[in-house]
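Down below is the structure, laid out as structure tokens.
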Amino acid sequence: MPNIKSAIKRVNIIEKKTMRNNMIKSGYRTAVKKFEQAIEAGNIEEAKSLFSAATKKIDQACTKGVIVKNTAARKKSNMAKKLNAAMA
């Protein structure tokens, strides 16, 4: 545990930011998981709406700096491929 006042403050700020990042990361992972479950179940209409919701969550995580831009693009691309394959 730090002794200096500014170091104590930094520890508190880092804890808050870590909690925020974990919430955002958990949110987009849950959205992706729901989308994949809908695809496996064969619910195409539900999967379409969940795709847009998951895409939005991924974009938000990318904007907040939780995930990198290329990672976000890759995840969205893979989801789009799964959706197109299920519709075909």
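Following the order of the structure tokens, chains are lettered A, B, ..., residues in each are numbered from 1, and ligands are numbered from 1.
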
(request) List the neighbours of Lys64 in chain A out to 10 Å using only C-alpha atoms; skip same-chain residues closer than 3 positions along the sequence, and give me the result as a PyMOL selection string. (result) chain A and resi 20-21+24+58-61+67-68

(request) Could you tell me which of A:Ala73, A:Val11, A:Ile4, A:Ala86 comes closest to Glu45 in chain A if we count only C-alpha atoms? (result) A:Ala86

(request) Quick one: everything within 10 Å of range 31-33 of chain A, counting only C-alpha atoms, minus sequence neighbours fewer than 2 positions away in the same chain. Send it as a list in words. (result) Ser26, Gly27, Tyr28, Arg29, Phe35, Glu36, Gln37, Ala38, Ile39, Leu50, Phe51, Ser52, Ala53, Ala54, Thr55, Lys56, Lys57, Ile58, Lys75, Lys76 and Met79 of chain A
